[in-house]
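*Asks:* My questions will all concern the structure given below.
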Amino acid sequence: MMKIAFIGTGVMGAPMAKHLAAAGHDVTVYNRTRAKAEATGLAVADTPAAAARGAEAVVTCVGNDADLEQVTLGTDGAFATMREDAVFVDHTTVSADIARRLAAARALVLDAPVSGGQAGAESGKLSIMCGGSAAALAKAHPVMQAYAARIVHVGEAGAGQQTKMVNQICIAGVLQGVAEGLRFAQKSGLDLDKVLEAVSGGAAQSWQMVNRWPTMAEDRFDFGFAIDWMRKDLGLALAEAQVNGAVLPMTALVDQFYAEVQAMGGARQDTSALVRRLPG
């Protein structure tokens with residue numbers, strides 16, 4: 001059993017914190033909106049610093065770079081009270097730059113963004129891509145096991161965030177392809193169920209196709225990961241590409257397509273709402 005502070009109990013963080021408690025860990029939570037922290041049924045701290053005091057591991061899952069900086073380095077931030085030997089694990093999708101800054105501030109820091117969405121968090125089957133030292137990973141591994149199906153050490157500090165950018169780049173392209181394929185099938189008067197059965201058994205198969213083709217066809221877009229968040233993530237990837245020299249024409253294009261769906265009122269719909277901008 002470990003004493004763990006979990007900071008950020010939104011749609012992802014709350015089930016992850018509960019999995020930690022179910023695994024037998026002593027968990028204290030903090031959230032900017034206290035009611036969300038109290039809804040977990042776990043012990044609640046008034047500040048990140050209070051949550052982190054005495055903890056062997058501090059885990060964050062917040063919104064963006066500014067949020068992460070506030071709960072770590074800001075007034076009443078966790079870094080002010082963390083034990084020297086405590087490990088810090090960040091599951092937020094943020095820039096590689098802030099991941100490296102936090103790693104420079106402490107010995108045991110892991111940038112560990114996740115894939116799997118709300119469903120993966122609730123089922124405890126997230127895929128976690130980790131950047132940081134081997135020592136940090138070794139100490140964090142028993143923590144992450146409570147809610148992960150896959151944990152991969154991809155490199156040094158910042159590499160976890162860069163790998164998450166790869167994940168989002170790939171999802172954007174796949175979803176645009178699925179959206180166009182669906183509309184093409186509809187325009188051709190094809191049986192959409194039969195088309196899905198046929199093409200999902202071959203090289204075109206993807207998680208997005210199998211899980212979102214039927215719901216896209218029914219104009220259902222309430223599956224957790226909002227377009228607002230996807231645009232944040234694609235923005236991180238595009239900004240990183242400016243640094244490393246990668247060329248991302250498809251990503252830039254799909255990002256603008258998502259901007260169109262936002263303008264149509266779809267900002268809080270999930271990423272498969274990309275199909276809405278294509279005439280039915």
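Each chain of the structure tokens is named A, B, ... in the order shown, its residues numbered from 1; ligands are numbered from 1 in display order.
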Give me, as an mmCIF file with C-alpha atoms, in the first residue's frame, all polymer residues having an atom no more than 12 Å from A:Ala22, counting only C-alpha atoms and skipping those fewer than 6 positions away in the same chain.

*Replies:*
data_model
loop_
_atom_site.group_PDB
_atom_site.id
_atom_site.type_symbol
_atom_site.label_atom_id
_atom_site.label_comp_id
_atom_site.auth_asym_id
_atom_site.auth_seq_id
_atom_site.Cartn_x
_atom_site.Cartn_y
_atom_site.Cartn_z
ATOM 1 C CA MET A 1 0.000 0.000 0.000
ATOM 2 C CA PRO A 15 -12.150 6.825 -11.863
ATOM 3 C CA MET A 16 -8.345 6.533 -11.800
ATOM 4 C CA THR A 40 -15.098 10.403 -5.311
ATOM 5 C CA GLY A 41 -15.846 9.443 -1.719
ATOM 6 C CA LEU A 42 -12.142 9.697 -0.878
ATOM 7 C CA GLY A 124 -8.958 0.497 -15.616
ATOM 8 C CA VAL A 143 0.652 3.114 -8.961
ATOM 9 C CA GLN A 145 -0.928 -0.715 -12.620
ATOM 10 C CA ALA A 146 -4.193 0.059 -10.819
ATOM 11 C CA TYR A 147 -5.726 1.589 -13.964
#

*Asks:* Per residue of stretch 66-128 of chain A within 12 Å of stretch 223-245 of chain A, what are the shortest atom pair and its distance in Å to one decimal, counting only C-alpha atoms, with rows by chain and residue number, as a tab-separated table?

*Replies:*
residue	atom	partner	partner_atom	distance
A:Thr92	CA	A:Asp233	CA	10.5
A:Thr93	CA	A:Asp233	CA	7.0
A:Val94	CA	A:Leu236	CA	7.2
A:Ser95	CA	A:Leu236	CA	6.0
A:Ala96	CA	A:Glu240	CA	7.9
A:Asp97	CA	A:Glu240	CA	9.0
A:Ile98	CA	A:Leu236	CA	11.5
A:Pro113	CA	A:Asp233	CA	11.2
A:Ser115	CA	A:Phe225	CA	10.7
A:Gly116	CA	A:Phe225	CA	9.8
A:Gly117	CA	A:Phe225	CA	6.5
A:Gln118	CA	A:Gly224	CA	5.9
A:Ala119	CA	A:Gly224	CA	8.0
A:Gly120	CA	A:Gly224	CA	10.7
A:Ala121	CA	A:Gly224	CA	11.0
A:Glu122	CA	A:Gly224	CA	11.5

*Asks:* For the residues in the current selection, export N, CA, C and O atoms as a PDB file, in the first residue's frame.

*Replies:*
ATOM      1  N   THR A  92      -1.763  14.344 -17.460  1.00  0.00           N
ATOM      2  CA  THR A  92      -2.347  15.377 -18.306  1.00  0.00           C
ATOM      3  C   THR A  92      -1.690  15.349 -19.687  1.00  0.00           C
ATOM      4  O   THR A  92      -0.510  15.027 -19.806  1.00  0.00           O
ATOM      5  N   THR A  93      -2.441  15.685 -20.726  1.00  0.00           N
ATOM      6  CA  THR A  93      -1.839  15.905 -22.045  1.00  0.00           C
ATOM      7  C   THR A  93      -1.439  17.376 -22.121  1.00  0.00           C
ATOM      8  O   THR A  93      -2.294  18.256 -22.188  1.00  0.00           O
ATOM      9  N   VAL A  94      -0.119  17.595 -22.091  1.00  0.00           N
ATOM     10  CA  VAL A  94       0.422  18.954 -22.080  1.00  0.00           C
ATOM     11  C   VAL A  94       1.606  19.026 -23.038  1.00  0.00           C
ATOM     12  O   VAL A  94       1.902  18.073 -23.755  1.00  0.00           O
ATOM     13  N   SER A  95       2.313  20.148 -23.031  1.00  0.00           N
ATOM     14  CA  SER A  95       3.469  20.297 -23.908  1.00  0.00           C
ATOM     15  C   SER A  95       4.657  19.507 -23.379  1.00  0.00           C
ATOM     16  O   SER A  95       4.792  19.265 -22.169  1.00  0.00           O
ATOM     17  N   ALA A  96       5.535  19.121 -24.298  1.00  0.00           N
ATOM     18  CA  ALA A  96       6.773  18.462 -23.891  1.00  0.00           C
ATOM     19  C   ALA A  96       7.647  19.429 -23.093  1.00  0.00           C
ATOM     20  O   ALA A  96       8.420  19.009 -22.222  1.00  0.00           O
ATOM     21  N   ASP A  97       7.502  20.718 -23.357  1.00  0.00           N
ATOM     22  CA  ASP A  97       8.304  21.727 -22.670  1.00  0.00           C
ATOM     23  C   ASP A  97       8.035  21.733 -21.176  1.00  0.00           C
ATOM     24  O   ASP A  97       8.975  21.699 -20.366  1.00  0.00           O
ATOM     25  N   ILE A  98       6.762  21.741 -20.758  1.00  0.00           N
ATOM     26  CA  ILE A  98       6.491  21.776 -19.321  1.00  0.00           C
ATOM     27  C   ILE A  98       6.863  20.448 -18.674  1.00  0.00           C
ATOM     28  O   ILE A  98       7.296  20.399 -17.525  1.00  0.00           O
ATOM     29  N   PRO A 113       1.113  10.691 -20.233  1.00  0.00           N
ATOM     30  CA  PRO A 113      -0.234  10.862 -20.788  1.00  0.00           C
ATOM     31  C   PRO A 113      -0.856   9.508 -21.126  1.00  0.00           C
ATOM     32  O   PRO A 113      -0.134   8.518 -21.308  1.00  0.00           O
ATOM     33  N   SER A 115      -4.025   7.045 -23.130  1.00  0.00           N
ATOM     34  CA  SER A 115      -4.962   6.858 -24.229  1.00  0.00           C
ATOM     35  C   SER A 115      -5.970   5.798 -23.814  1.00  0.00           C
ATOM     36  O   SER A 115      -5.634   4.865 -23.089  1.00  0.00           O
ATOM     37  N   GLY A 116      -7.191   5.971 -24.271  1.00  0.00           N
ATOM     38  CA  GLY A 116      -8.249   5.045 -23.888  1.00  0.00           C
ATOM     39  C   GLY A 116      -9.519   5.754 -23.486  1.00  0.00           C
ATOM     40  O   GLY A 116     -10.576   5.145 -23.386  1.00  0.00           O
ATOM     41  N   GLY A 117      -9.404   7.067 -23.257  1.00  0.00           N
ATOM     42  CA  GLY A 117     -10.587   7.865 -22.975  1.00  0.00           C
ATOM     43  C   GLY A 117     -11.261   7.540 -21.661  1.00  0.00           C
ATOM     44  O   GLY A 117     -10.747   6.798 -20.824  1.00  0.00           O
ATOM     45  N   GLN A 118     -12.444   8.113 -21.493  1.00  0.00           N
ATOM     46  CA  GLN A 118     -13.209   7.923 -20.265  1.00  0.00           C
ATOM     47  C   GLN A 118     -13.524   6.457 -20.020  1.00  0.00           C
ATOM     48  O   GLN A 118     -13.447   5.967 -18.892  1.00  0.00           O
ATOM     49  N   ALA A 119     -13.849   5.732 -21.095  1.00  0.00           N
ATOM     50  CA  ALA A 119     -14.166   4.308 -20.949  1.00  0.00           C
ATOM     51  C   ALA A 119     -12.957   3.540 -20.418  1.00  0.00           C
ATOM     52  O   ALA A 119     -13.087   2.665 -19.556  1.00  0.00           O
ATOM     53  N   GLY A 120     -11.761   3.872 -20.918  1.00  0.00           N
ATOM     54  CA  GLY A 120     -10.553   3.212 -20.449  1.00  0.00           C
ATOM     55  C   GLY A 120     -10.240   3.534 -19.005  1.00  0.00           C
ATOM     56  O   GLY A 120      -9.778   2.671 -18.252  1.00  0.00           O
ATOM     57  N   ALA A 121     -10.497   4.777 -18.608  1.00  0.00           N
ATOM     58  CA  ALA A 121     -10.272   5.165 -17.212  1.00  0.00           C
ATOM     59  C   ALA A 121     -11.229   4.427 -16.287  1.00  0.00           C
ATOM     60  O   ALA A 121     -10.842   3.937 -15.220  1.00  0.00           O
ATOM     61  N   GLU A 122     -12.485   4.327 -16.697  1.00  0.00           N
ATOM     62  CA  GLU A 122     -13.482   3.671 -15.858  1.00  0.00           C
ATOM     63  C   GLU A 122     -13.252   2.164 -15.745  1.00  0.00           C
ATOM     64  O   GLU A 122     -13.480   1.570 -14.698  1.00  0.00           O
TER      65      GLU A 122
END

*Asks:* Hey, what does DSSP flag as strand (DSSP E) within stretch 8-186 of chain A? Can you give it to me as a ChimeraX atom specification?

*Replies:* /A:26-30,43-44,57-60,87-90,109-111,114-115,126-132,148-155

*Asks:* Write out as a ChimeraX atom specification each polymer residue whose atoms come within 12 Å of A:Ala14, counting only C-alpha atoms; drop sequence neighbours fewer than 3 positions from it.

*Replies:* /A:6-11,17-21,27-31,35-42,59-62,118,121-122,124,147

*Asks:* List the neighbours of A:Gly181 out to 10 Å using only C-alpha atoms; skip same-chain residues closer than 6 positions along the sequence, and give me the result as a list in words.

*Replies:*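 My reading of the contact set: Leu175, Lys187, Val195, Met209, Trp213 and Val275 of chain A.
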
*Asks:* Give me a file of those residues, with all heavy atoms, as a CSV table (one decimal), in the first residue's frame.

*Replies:*
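Final file, out.csv:
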chain,number,residue,atom,x,y,z
A,175,LEU,N,-10.0,9.3,-38.2
A,175,LEU,CA,-11.4,9.8,-38.1
A,175,LEU,C,-11.9,10.5,-39.3
A,175,LEU,O,-13.0,10.3,-39.8
A,175,LEU,CB,-11.6,10.7,-36.9
A,175,LEU,CG,-11.9,9.9,-35.6
A,175,LEU,CD1,-11.8,10.9,-34.4
A,175,LEU,CD2,-13.3,9.3,-35.6
A,187,LYS,N,-24.0,8.1,-49.6
A,187,LYS,CA,-24.4,8.6,-50.9
A,187,LYS,C,-24.5,7.6,-52.0
A,187,LYS,O,-25.3,7.7,-53.0
A,187,LYS,CB,-23.2,9.6,-51.4
A,187,LYS,CG,-23.1,10.9,-50.5
A,187,LYS,CD,-24.3,11.8,-50.7
A,187,LYS,CE,-24.1,13.1,-50.0
A,187,LYS,NZ,-25.2,14.1,-50.2
A,195,VAL,N,-21.5,-2.8,-45.1
A,195,VAL,CA,-20.2,-2.2,-45.5
A,195,VAL,C,-19.2,-2.3,-44.3
A,195,VAL,O,-18.1,-2.7,-44.5
A,195,VAL,CB,-20.4,-0.7,-45.9
A,195,VAL,CG1,-19.1,0.0,-46.0
A,195,VAL,CG2,-21.2,-0.6,-47.1
A,209,MET,N,-13.2,3.0,-36.5
A,209,MET,CA,-14.2,2.4,-37.5
A,209,MET,C,-15.2,1.5,-36.8
A,209,MET,O,-16.4,1.6,-36.9
A,209,MET,CB,-13.5,1.7,-38.6
A,209,MET,CG,-14.5,0.9,-39.5
A,209,MET,SD,-13.7,0.1,-40.9
A,209,MET,CE,-13.3,1.5,-42.0
A,213,TRP,N,-18.2,4.1,-36.4
A,213,TRP,CA,-19.0,4.0,-37.6
A,213,TRP,C,-20.5,3.9,-37.3
A,213,TRP,O,-21.3,4.8,-37.8
A,213,TRP,CB,-18.5,2.9,-38.5
A,213,TRP,CG,-19.3,2.6,-39.7
A,213,TRP,CD1,-20.5,2.0,-39.9
A,213,TRP,CD2,-18.8,2.9,-41.1
A,213,TRP,NE1,-20.9,1.9,-41.2
A,213,TRP,CE2,-19.9,2.5,-42.0
A,213,TRP,CE3,-17.7,3.4,-41.6
A,213,TRP,CZ2,-19.8,2.6,-43.3
A,213,TRP,CZ3,-17.6,3.5,-43.0
A,213,TRP,CH2,-18.6,3.1,-43.9
A,275,VAL,N,-17.7,14.1,-38.7
A,275,VAL,CA,-18.5,13.8,-39.8
A,275,VAL,C,-19.6,14.8,-40.1
A,275,VAL,O,-20.1,14.9,-41.2
A,275,VAL,CB,-19.1,12.4,-39.6
A,275,VAL,CG1,-20.3,12.4,-38.6
A,275,VAL,CG2,-19.6,11.8,-40.9

*Asks:* Taking the backbone alone, and naming residues the way the document does, which bits of stretch 58-101 of chain A are helix (DSSP H, G or I) by DSSP, as a PyMOL selection string?

*Replies:* chain A and resi 65-72+78-80+96-101

*Asks:* May I have the residues from that selection written out with N, CA, C and O atoms, as a PDB file, in the first residue's frame?

*Replies:*
ATOM      1  N   ASP A  65      -1.300  23.173 -19.709  1.00  0.00           N
ATOM      2  CA  ASP A  65      -0.014  23.577 -19.136  1.00  0.00           C
ATOM      3  C   ASP A  65      -0.183  24.502 -17.937  1.00  0.00           C
ATOM      4  O   ASP A  65       0.489  24.332 -16.910  1.00  0.00           O
ATOM      5  N   ALA A  66      -1.058  25.505 -18.081  1.00  0.00           N
ATOM      6  CA  ALA A  66      -1.241  26.476 -17.002  1.00  0.00           C
ATOM      7  C   ALA A  66      -1.784  25.812 -15.744  1.00  0.00           C
ATOM      8  O   ALA A  66      -1.351  26.117 -14.625  1.00  0.00           O
ATOM      9  N   ASP A  67      -2.743  24.895 -15.914  1.00  0.00           N
ATOM     10  CA  ASP A  67      -3.302  24.179 -14.761  1.00  0.00           C
ATOM     11  C   ASP A  67      -2.225  23.345 -14.077  1.00  0.00           C
ATOM     12  O   ASP A  67      -2.130  23.310 -12.839  1.00  0.00           O
ATOM     13  N   LEU A  68      -1.427  22.660 -14.887  1.00  0.00           N
ATOM     14  CA  LEU A  68      -0.381  21.800 -14.328  1.00  0.00           C
ATOM     15  C   LEU A  68       0.668  22.619 -13.583  1.00  0.00           C
ATOM     16  O   LEU A  68       1.099  22.241 -12.479  1.00  0.00           O
ATOM     17  N   GLU A  69       1.059  23.734 -14.169  1.00  0.00           N
ATOM     18  CA  GLU A  69       2.032  24.598 -13.500  1.00  0.00           C
ATOM     19  C   GLU A  69       1.483  25.101 -12.165  1.00  0.00           C
ATOM     20  O   GLU A  69       2.199  25.148 -11.165  1.00  0.00           O
ATOM     21  N   GLN A  70       0.202  25.439 -12.125  1.00  0.00           N
ATOM     22  CA  GLN A  70      -0.399  25.962 -10.904  1.00  0.00           C
ATOM     23  C   GLN A  70      -0.404  24.927  -9.785  1.00  0.00           C
ATOM     24  O   GLN A  70      -0.068  25.233  -8.635  1.00  0.00           O
ATOM     25  N   VAL A  71      -0.761  23.677 -10.099  1.00  0.00           N
ATOM     26  CA  VAL A  71      -0.883  22.667  -9.041  1.00  0.00           C
ATOM     27  C   VAL A  71       0.462  22.075  -8.632  1.00  0.00           C
ATOM     28  O   VAL A  71       0.537  21.369  -7.619  1.00  0.00           O
ATOM     29  N   THR A  72       1.518  22.385  -9.381  1.00  0.00           N
ATOM     30  CA  THR A  72       2.845  21.882  -9.018  1.00  0.00           C
ATOM     31  C   THR A  72       3.756  22.978  -8.483  1.00  0.00           C
ATOM     32  O   THR A  72       4.268  22.893  -7.368  1.00  0.00           O
ATOM     33  N   ALA A  78       1.986  21.351  -5.234  1.00  0.00           N
ATOM     34  CA  ALA A  78       2.428  20.089  -4.641  1.00  0.00           C
ATOM     35  C   ALA A  78       3.937  20.005  -4.448  1.00  0.00           C
ATOM     36  O   ALA A  78       4.412  19.393  -3.480  1.00  0.00           O
ATOM     37  N   PHE A  79       4.716  20.624  -5.323  1.00  0.00           N
ATOM     38  CA  PHE A  79       6.172  20.486  -5.233  1.00  0.00           C
ATOM     39  C   PHE A  79       6.735  21.102  -3.960  1.00  0.00           C
ATOM     40  O   PHE A  79       7.831  20.740  -3.522  1.00  0.00           O
ATOM     41  N   ALA A  80       5.991  22.015  -3.364  1.00  0.00           N
ATOM     42  CA  ALA A  80       6.480  22.685  -2.154  1.00  0.00           C
ATOM     43  C   ALA A  80       6.514  21.749  -0.954  1.00  0.00           C
ATOM     44  O   ALA A  80       7.296  21.968  -0.019  1.00  0.00           O
ATOM     45  N   ALA A  96       5.535  19.121 -24.298  1.00  0.00           N
ATOM     46  CA  ALA A  96       6.773  18.462 -23.891  1.00  0.00           C
ATOM     47  C   ALA A  96       7.647  19.429 -23.093  1.00  0.00           C
ATOM     48  O   ALA A  96       8.420  19.009 -22.222  1.00  0.00           O
ATOM     49  N   ASP A  97       7.502  20.718 -23.357  1.00  0.00           N
ATOM     50  CA  ASP A  97       8.304  21.727 -22.670  1.00  0.00           C
ATOM     51  C   ASP A  97       8.035  21.733 -21.176  1.00  0.00           C
ATOM     52  O   ASP A  97       8.975  21.699 -20.366  1.00  0.00           O
ATOM     53  N   ILE A  98       6.762  21.741 -20.758  1.00  0.00           N
ATOM     54  CA  ILE A  98       6.491  21.776 -19.321  1.00  0.00           C
ATOM     55  C   ILE A  98       6.863  20.448 -18.674  1.00  0.00           C
ATOM     56  O   ILE A  98       7.296  20.399 -17.525  1.00  0.00           O
ATOM     57  N   ALA A  99       6.755  19.352 -19.425  1.00  0.00           N
ATOM     58  CA  ALA A  99       7.175  18.057 -18.897  1.00  0.00           C
ATOM     59  C   ALA A  99       8.665  18.088 -18.554  1.00  0.00           C
ATOM     60  O   ALA A  99       9.092  17.599 -17.498  1.00  0.00           O
ATOM     61  N   ARG A 100       9.457  18.685 -19.418  1.00  0.00           N
ATOM     62  CA  ARG A 100      10.905  18.772 -19.171  1.00  0.00           C
ATOM     63  C   ARG A 100      11.207  19.731 -18.016  1.00  0.00           C
ATOM     64  O   ARG A 100      12.122  19.489 -17.216  1.00  0.00           O
ATOM     65  N   ARG A 101      10.434  20.811 -17.922  1.00  0.00           N
ATOM     66  CA  ARG A 101      10.635  21.754 -16.817  1.00  0.00           C
ATOM     67  C   ARG A 101      10.385  21.098 -15.473  1.00  0.00           C
ATOM     68  O   ARG A 101      11.147  21.291 -14.516  1.00  0.00           O
TER      69      ARG A 101
END

*Asks:* Calculated over only C-alpha atoms, which of the candidates A:Arg276, A:Ala23, A:Gly189, A:Val247 has the smallest distance to A:Val261?

*Replies:*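 Residue with the minimum atom-to-atom distance to A:Val261: A:Arg276.
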
*Asks:* Can you work out the spacing between atom CA of A:Gly131 and atom CA of A:Ala45 in Å, to one decimal?

*Replies:*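 Atom CA of A:Ala45 lies 27.9 Å from atom CA of A:Gly131.
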